[in-house]
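Have a look at work-v8.txt; it's compact mmCIF, C-alpha atoms:
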```txt
# COMPACT_ATOMS: atom_id res chain seq x y z
CA HIS F 1282 139.96 47.43 146.24
CA GLU F 1283 141.87 48.37 143.10
CA HIS F 1284 139.94 50.04 140.30
CA SER F 1285 140.86 50.47 136.67
CA ARG F 1286 139.24 51.28 133.35
CA PRO F 1287 141.12 49.21 130.78
CA HIS F 1288 140.68 49.30 127.02
CA SER F 1289 140.05 45.56 127.13
CA VAL F 1290 139.24 42.91 129.66
CA LEU F 1291 140.39 39.47 128.58
CA PHE F 1292 139.08 36.31 130.18
CA ALA F 1293 141.77 33.75 129.49
CA SER F 1294 141.77 29.99 129.75
CA SER F 1295 143.24 27.22 127.67
CA VAL F 1296 140.04 27.00 125.62
CA PHE F 1297 138.43 30.44 125.73
CA VAL F 1298 139.66 33.99 125.27
CA ALA F 1299 137.21 36.86 124.97
CA SER F 1300 138.00 40.52 124.32
CA PHE F 1301 135.42 43.23 124.87
CA ALA F 1302 137.44 46.07 123.34
CA SER F 1303 134.98 46.59 120.48
CA MET F 1304 132.01 47.41 122.73
CA SER F 1305 131.14 51.05 123.28
CA ALA F 1306 131.33 51.08 127.05
CA ARG F 1307 133.79 52.05 129.72
CA TRP F 1308 134.95 49.22 131.90
CA LEU F 1309 135.28 49.11 135.64
CA LEU F 1310 136.80 45.95 137.03
CA LEU F 1311 136.12 45.36 140.71
CA LEU F 1312 138.87 43.17 142.14
CA ALA F 1313 138.97 40.90 145.16
CA THR F 1314 140.03 42.52 148.41
CA HIS F 1315 143.20 40.44 148.78
CA CYS F 1316 145.98 40.51 146.22
CA SER F 1317 149.42 39.09 146.94
CA ALA F 1318 152.77 40.36 145.65
CA ALA F 1319 153.80 40.84 142.07
CA LEU F 1320 155.44 37.92 140.29
CA ARG F 1321 158.95 39.38 140.19
CA ASN F 1322 159.08 42.54 142.27
CA PRO F 1323 156.64 42.80 145.21
CA PHE F 1324 157.67 46.43 145.77
CA ARG F 1325 157.05 47.66 142.23
CA ALA F 1326 154.12 50.03 142.32
CA ALA F 1327 151.41 49.27 139.80
CA PRO F 1328 149.63 52.04 137.91
CA THR F 1329 145.94 52.64 138.48
CA HIS F 1330 145.07 52.49 134.78
CA PHE F 1331 145.80 49.67 132.34
CA ASP F 1332 145.31 49.10 128.62
CA TYR F 1333 144.49 45.45 129.26
CA ILE F 1334 143.44 43.42 132.29
CA ILE F 1335 143.79 39.68 131.84
CA VAL F 1336 141.51 37.75 134.18
CA GLY F 1337 143.21 34.40 134.73
CA GLY F 1338 146.94 33.78 134.40
CA GLY F 1339 146.54 30.31 132.95
CA THR F 1340 147.96 28.84 129.76
CA ALA F 1341 146.35 31.38 127.42
CA GLY F 1342 146.63 34.24 129.92
CA CYS F 1343 150.42 33.92 130.10
CA VAL F 1344 150.71 33.99 126.31
CA LEU F 1345 148.45 37.04 126.11
CA ALA F 1346 150.48 38.82 128.78
CA ASP F 1347 153.68 38.19 126.84
CA ARG F 1348 152.29 39.36 123.51
CA LEU F 1349 150.45 42.44 124.79
CA SER F 1350 153.25 43.68 127.04
CA ALA F 1351 155.71 43.29 124.17
CA ALA F 1352 153.60 45.88 122.35
CA SER F 1353 154.33 48.44 125.12
CA LYS F 1354 150.82 48.25 126.56
CA GLN F 1355 150.12 48.55 130.28
CA VAL F 1356 148.99 45.03 131.21
CA LEU F 1357 147.67 43.61 134.47
CA VAL F 1358 147.32 39.85 135.04
CA LEU F 1359 145.05 38.62 137.83
CA GLU F 1360 145.51 35.03 138.99
CA PRO F 1361 143.51 33.54 141.89
CA GLY F 1362 146.14 30.89 142.57
CA PRO F 1363 149.83 31.09 143.55
CA SER F 1364 152.97 31.25 141.43
CA PRO F 1365 154.50 27.83 140.66
CA ALA F 1366 158.02 29.23 140.31
CA ALA F 1367 159.54 27.62 143.42
CA GLU F 1368 157.37 24.48 143.58
CA LEU F 1369 159.38 21.30 143.01
CA LYS F 1370 156.34 19.08 142.59
CA ILE F 1371 155.31 21.18 139.58
CA ALA F 1372 158.79 21.29 138.06
CA ALA F 1373 159.36 17.53 138.40
CA PRO F 1374 157.10 15.48 136.08
CA VAL F 1375 157.37 12.44 138.35
CA ALA F 1376 155.46 14.35 141.07
CA LEU F 1377 152.37 14.75 138.88
CA THR F 1378 149.98 12.92 141.20
CA LYS F 1379 151.10 15.09 144.14
CA LEU F 1380 149.32 18.00 142.42
CA PHE F 1381 145.89 16.35 142.56
CA GLY F 1382 143.82 17.97 145.28
CA SER F 1383 146.64 20.37 146.16
CA GLU F 1384 146.57 24.16 146.40
CA TYR F 1385 147.41 24.17 142.67
CA ASP F 1386 144.25 22.26 141.72
CA TRP F 1387 140.72 23.71 141.45
CA GLY F 1388 139.43 20.31 142.55
CA PHE F 1389 136.65 20.03 139.99
CA ARG F 1390 134.66 16.81 139.78
CA SER F 1391 132.44 15.55 137.02
CA ALA F 1392 128.74 14.93 137.51
CA PRO F 1393 127.77 11.31 138.19
CA ALA F 1394 127.04 9.52 134.93
CA PRO F 1395 125.92 6.04 133.81
CA GLY F 1396 129.26 5.57 132.01
CA THR F 1397 131.11 5.86 135.30
CA ALA F 1398 128.64 3.70 137.25
CA GLY F 1399 127.29 6.80 138.95
CA ARG F 1400 130.70 7.88 140.21
CA GLU F 1401 132.20 11.36 140.11
CA VAL F 1402 135.57 11.71 138.37
CA HIS F 1403 138.25 14.10 139.63
CA LEU F 1404 139.21 16.69 137.00
CA CYS F 1405 142.54 18.30 137.81
CA ARG F 1406 142.60 21.88 136.50
CA GLY F 1407 145.48 24.17 137.33
CA LYS F 1408 144.91 26.94 139.89
CA CYS F 1409 148.17 28.86 139.53
CA LEU F 1410 150.15 30.90 137.03
CA GLY F 1411 150.45 28.67 133.98
CA GLY F 1412 147.07 27.09 134.64
CA SER F 1413 146.70 23.48 133.59
CA SER F 1414 150.01 23.54 131.71
CA ALA F 1415 151.49 23.46 135.24
CA THR F 1416 149.44 20.44 136.35
CA ASN F 1417 148.76 18.31 133.27
CA ALA F 1418 150.44 15.07 132.16
CA LEU F 1419 152.82 17.02 129.82
CA LEU F 1420 152.07 14.96 126.68
CA TYR F 1421 153.01 16.86 123.51
CA LEU F 1422 150.18 15.73 121.26
CA ARG F 1423 148.44 17.92 118.69
CA GLY F 1424 145.65 15.63 117.59
CA THR F 1425 145.18 14.66 113.97
CA ALA F 1426 144.77 16.70 110.80
CA ALA F 1427 141.25 15.29 110.46
CA ASP F 1428 140.33 16.78 113.84
CA PHE F 1429 140.84 20.30 112.53
CA ASP F 1430 139.64 19.77 108.96
CA GLY F 1431 136.45 18.25 110.33
CA TRP F 1432 135.52 21.55 111.95
CA GLY F 1433 135.13 23.21 108.55
CA LEU F 1434 136.14 26.62 109.93
CA ASP F 1435 138.21 29.18 108.02
CA GLY F 1436 141.64 29.59 109.58
CA TRP F 1437 141.29 26.48 111.72
CA GLY F 1438 142.05 23.79 109.15
CA SER F 1439 144.99 21.43 109.48
CA GLU F 1440 147.25 23.44 107.15
CA ALA F 1441 146.82 26.68 109.12
CA MET F 1442 147.05 24.91 112.46
CA LEU F 1443 150.22 23.05 111.52
CA ALA F 1444 151.88 26.35 110.64
CA SER F 1445 150.95 27.64 114.10
CA PHE F 1446 152.19 24.49 115.82
CA LEU F 1447 155.54 24.75 114.03
CA ALA F 1448 155.85 28.42 114.99
CA VAL F 1449 155.46 27.79 118.75
CA GLU F 1450 157.43 24.55 118.99
CA ALA F 1451 160.99 24.43 120.31
CA GLN F 1452 161.90 20.86 119.42
CA ARG F 1453 164.89 19.65 121.45
CA ASP F 1454 165.32 16.15 120.02
CA ALA F 1455 167.76 16.12 117.09
CA ALA F 1456 165.99 13.18 115.44
CA PHE F 1457 162.70 15.10 115.36
CA ARG F 1458 164.26 18.40 114.22
CA THR F 1459 165.24 16.78 110.93
CA ASP F 1460 161.52 16.62 110.06
CA ALA F 1461 160.91 20.29 109.29
CA LEU F 1462 157.49 19.49 107.82
CA HIS F 1463 156.11 18.48 111.20
CA HIS F 1464 158.39 20.05 113.81
CA GLY F 1465 159.73 23.53 114.57
CA SER F 1466 162.68 24.64 116.62
CA GLY F 1467 162.35 28.42 117.00
CA GLY F 1468 159.30 28.69 119.25
CA ALA F 1469 158.79 29.05 122.99
CA VAL F 1470 157.22 25.66 123.81
CA PRO F 1471 159.86 22.96 124.25
CA ALA F 1472 159.23 19.33 123.35
CA GLU F 1473 161.61 16.47 124.02
CA THR F 1474 161.71 12.71 124.37
CA PRO F 1475 161.64 11.60 128.01
CA ARG F 1476 165.12 10.95 129.35
CA TYR F 1477 164.04 7.93 131.35
CA ALA F 1478 162.23 4.87 130.01
CA ASN F 1479 160.79 2.49 132.58
CA PRO F 1480 161.68 -1.13 131.70
CA LEU F 1481 158.01 -2.04 132.05
CA SER F 1482 157.19 0.56 129.40
CA GLU F 1483 159.67 -1.03 127.00
CA ARG F 1484 158.12 -4.47 127.62
CA PHE F 1485 154.67 -2.99 126.94
CA LEU F 1486 155.79 -1.70 123.54
CA GLU F 1487 157.30 -5.06 122.70
CA ALA F 1488 154.10 -6.85 123.68
CA ALA F 1489 152.00 -4.46 121.56
CA ALA F 1490 154.21 -5.18 118.54
CA GLN F 1491 153.88 -8.94 119.12
CA ALA F 1492 150.11 -8.48 119.22
CA GLY F 1493 150.23 -6.91 115.76
CA HIS F 1494 149.75 -3.25 116.63
CA PRO F 1495 151.64 -0.84 114.36
CA SER F 1496 154.53 1.16 115.74
CA ASN F 1497 154.42 4.96 115.73
CA ALA F 1498 157.62 6.81 116.49
CA ASP F 1499 156.03 10.28 116.16
CA PHE F 1500 152.37 10.89 116.99
CA ASN F 1501 152.63 14.43 115.57
CA ASP F 1502 153.65 13.26 112.08
CA TRP F 1503 150.51 13.97 110.07
CA SER F 1504 151.83 12.22 106.96
CA ARG F 1505 150.81 8.85 108.44
CA PRO F 1506 147.90 7.49 110.48
CA GLN F 1507 148.18 8.33 114.15
CA ALA F 1508 147.06 4.89 115.33
CA GLY F 1509 149.85 2.84 116.79
CA VAL F 1510 152.03 2.42 119.87
CA GLY F 1511 155.08 4.42 120.83
CA ARG F 1512 156.52 6.90 123.30
CA PHE F 1513 155.05 10.38 123.65
CA GLN F 1514 157.22 13.45 123.70
CA LEU F 1515 156.77 15.76 126.70
CA THR F 1516 156.62 19.53 127.09
CA THR F 1517 159.76 19.65 129.20
CA ARG F 1518 163.13 21.37 128.98
CA ARG F 1519 166.05 19.27 130.23
CA GLY F 1520 163.55 17.13 132.10
CA ARG F 1521 161.83 20.05 133.84
CA ARG F 1522 158.16 20.91 133.22
CA ALA F 1523 157.80 23.83 130.82
CA HIS F 1524 154.47 25.43 131.74
CA SER F 1525 153.39 28.71 130.14
CA ALA F 1526 154.38 30.78 133.17
CA ALA F 1527 157.94 29.60 132.56
CA THR F 1528 157.93 29.78 128.75
CA HIS F 1529 156.07 33.09 128.32
CA LEU F 1530 155.39 34.97 131.54
CA ARG F 1531 158.86 34.71 133.08
CA ARG F 1532 160.55 36.50 130.21
CA ALA F 1533 157.74 39.07 129.98
CA ALA F 1534 157.89 39.82 133.72
CA ARG F 1535 161.08 41.83 133.19
CA ARG F 1536 159.07 44.47 131.37
CA PRO F 1537 158.05 47.43 133.54
CA ASN F 1538 154.65 47.65 131.83
CA LEU F 1539 153.56 44.15 132.91
CA HIS F 1540 152.06 43.68 136.38
CA VAL F 1541 151.14 40.24 137.75
CA ARG F 1542 149.08 39.67 140.88
CA CYS F 1543 148.65 36.21 142.41
CA GLY F 1544 146.02 35.32 144.97
CA CYS F 1545 143.79 37.88 143.29
CA ALA F 1546 140.37 37.14 141.82
CA ALA F 1547 137.91 39.31 139.93
CA THR F 1548 134.63 39.39 141.82
CA ARG F 1549 132.49 41.09 139.21
CA LEU F 1550 132.59 43.23 136.08
CA LEU F 1551 130.65 46.49 135.98
CA LEU F 1552 129.75 48.21 132.71
CA GLU F 1553 129.33 51.95 132.56
CA ALA F 1554 127.60 53.18 129.42
CA GLU F 1555 129.24 56.02 127.49
CA GLY F 1556 127.57 59.44 127.65
```

Show me this structure written as structure tokens.
Amino acid sequence: HEHSRPHSVLFASSVFVASFASMSARWLLLLATHCSAALRNPFRAAPTHFDYIIVGGGTAGCVLADRLSAASKQVLVLEPGPSPAAELKIAAPVALTKLFGSEYDWGFRSAPAPGTAGREVHLCRGKCLGGSSATNALLYLRGTAADFDGWGLDGWGSEAMLASFLAVEAQRDAAFRTDALHHGSGGAVPAETPRYANPLSERFLEAAAQAGHPSNADFNDWSRPQAGVGRFQLTTRRGRRAHSAATHLRRAARRPNLHVRCGCAATRLLLEAEG
């Protein structure tokens, strides 16, 4: 077992990040008995004390690791799954269905429901560095402005969220980069138009237009209604999947203060009261 008393323990997923730094307790994280090699250097010795331990190296965990290690903090990332670095079926978008039920998939299934005629539905969630950004369908779609404004939460309205989206986007399509109101080019998350268009897809778009459906060339343009038919952009770089382990963790892994362990799960969290 490895033991550490970090300043913060962060549970990271694509939808939930919790920090316990403000609580007046010392932390003892009890790790699983098996931890595989570090992401970059399997012979680099890790310290026994960390400022932050990130439980889960998924989409959010990789971003946190990048940001926190850039601030010269000692950071440890624990990921139960493997690294996707050398896996072709993750890198190649066309191999998407090969990931279902694989070692990179948690294999979750929904509960039977009347809407599915009592069937369970497979829910592919990424079990690897990069999390579900390494196993999803790659569509670069933000939602609509009304989605965020409808929440009525300070700091989460469409204006604030659009600024954040622009900051992280690395738009690769010249036609989209001309729209600086809705696209950014200096971020870490690439977006580009697919290089290949299946002829059947083109016929589908033509049929939709003949049926009277409006065309939409950019589903992330919030100046117009999102309804319509068109081609999605993908989170790829030169046709290769750009998951968060590639866009954030890979560059951060060069830092000596960041330590990544795959095949390593937290079994429980023990709290030791001060005094």

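Shortest separation to Lys1370 (chain F) among F:Leu1486, F:Leu1539, F:Ala1341, F:Ala1415 occurs at residue F:Ala1415, atoms counted being only C-alpha atoms.
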
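Put simply, CA of Arg1531 (chain F) is 10.8 Å away from CA of Ser1364 (chain F).
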
Exercise. Once you count all atoms listed in the file, which residues end up no further than 10 Å from (155.4, 29.8, 133.7) in the file's frame, shown as number ranges by chain?
Worked result: F: 1338-1340, 1343-1344, 1364-1366, 1409-1412, 1414-1415, 1522-1532

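In this comparison, which uses all atoms listed in the file, the residue of F:Asn1417, F:Ala1394, F:Gln1355, F:Pro1537 approaching Thr1329 (chain F) most closely is F:Gln1355.
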
For this session: Please identify all polymer residues within 12 Å of Pro1471 (chain F), counting all atoms listed in the file, omitting same-chain residues fewer than 5 positions from it, and present them as a ChimeraX atom specification.
Result: /F:1419-1421,1446-1454,1458,1464-1466,1514-1525,1527-1529

Seminar exercise, completed: Restricting to all atoms listed in the file, whichever of F:His1463, F:Arg1476, F:Lys1408, F:Arg1505 is closest to Cys1543 (chain F) is F:Lys1408

Show which residues sit within 6 Å of Asp1386 (chain F), as a PDB file with C-alpha atoms, in the frame of the given file. Count only C-alpha atoms, and ignore same-chain residues fewer than 4 positions away.
```pdb
ATOM      1  CA  GLY F1382     143.820  17.970 145.280  1.00  0.00           C
ATOM      2  CA  CYS F1405     142.540  18.300 137.810  1.00  0.00           C
ATOM      3  CA  ARG F1406     142.600  21.880 136.500  1.00  0.00           C
ATOM      4  CA  GLY F1407     145.480  24.170 137.330  1.00  0.00           C
ATOM      5  CA  LYS F1408     144.910  26.940 139.890  1.00  0.00           C
TER       6      LYS F1408
END
```

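Going from CA of Gly1388 (chain F) over to CA of Ala1367 (chain F), you cover 21.4 Å.
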
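Across the model, the gap from CA of Glu1487 (chain F) to CA of Gly1424 (chain F) is 24.3 Å.
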
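The nearest approach to Pro1374 (chain F) among the residues F:Ser1391, F:Asp1332, F:Tyr1477, F:Leu1434, with all atoms listed in the file taken into account, belongs to F:Tyr1477.
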
Exercise. Within 8 Å of Val1402 (chain F), counting only C-alpha atoms, which residues qualify if same-chain residues fewer than 3 places away don't, as a list in words?
Worked result: Arg1390, Ser1391, Ala1392, Pro1393 and Thr1397 of chain F

For this session: Kindly indicate which residue among F:Leu1462, F:Ala1547, F:Ala1534, F:Ile1371 lies nearest to Ala1418 (chain F), using all atoms listed in the file for the distances.
Result: F:Ile1371

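With all atoms listed in the file as the basis for measurement, F:Leu1422 is the residue among F:Ala1427, F:Ala1478, F:Leu1422, F:Leu1369 that approaches Phe1513 (chain F) most closely.
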
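Proximity to Ala1351 (chain F) at 10 Å, evaluated using only C-alpha atoms and with sequence-adjacent residues fewer than 6 positions away removed, yields Leu1345, Ala1533, Arg1536, Asn1538 and Leu1539 of chain F.
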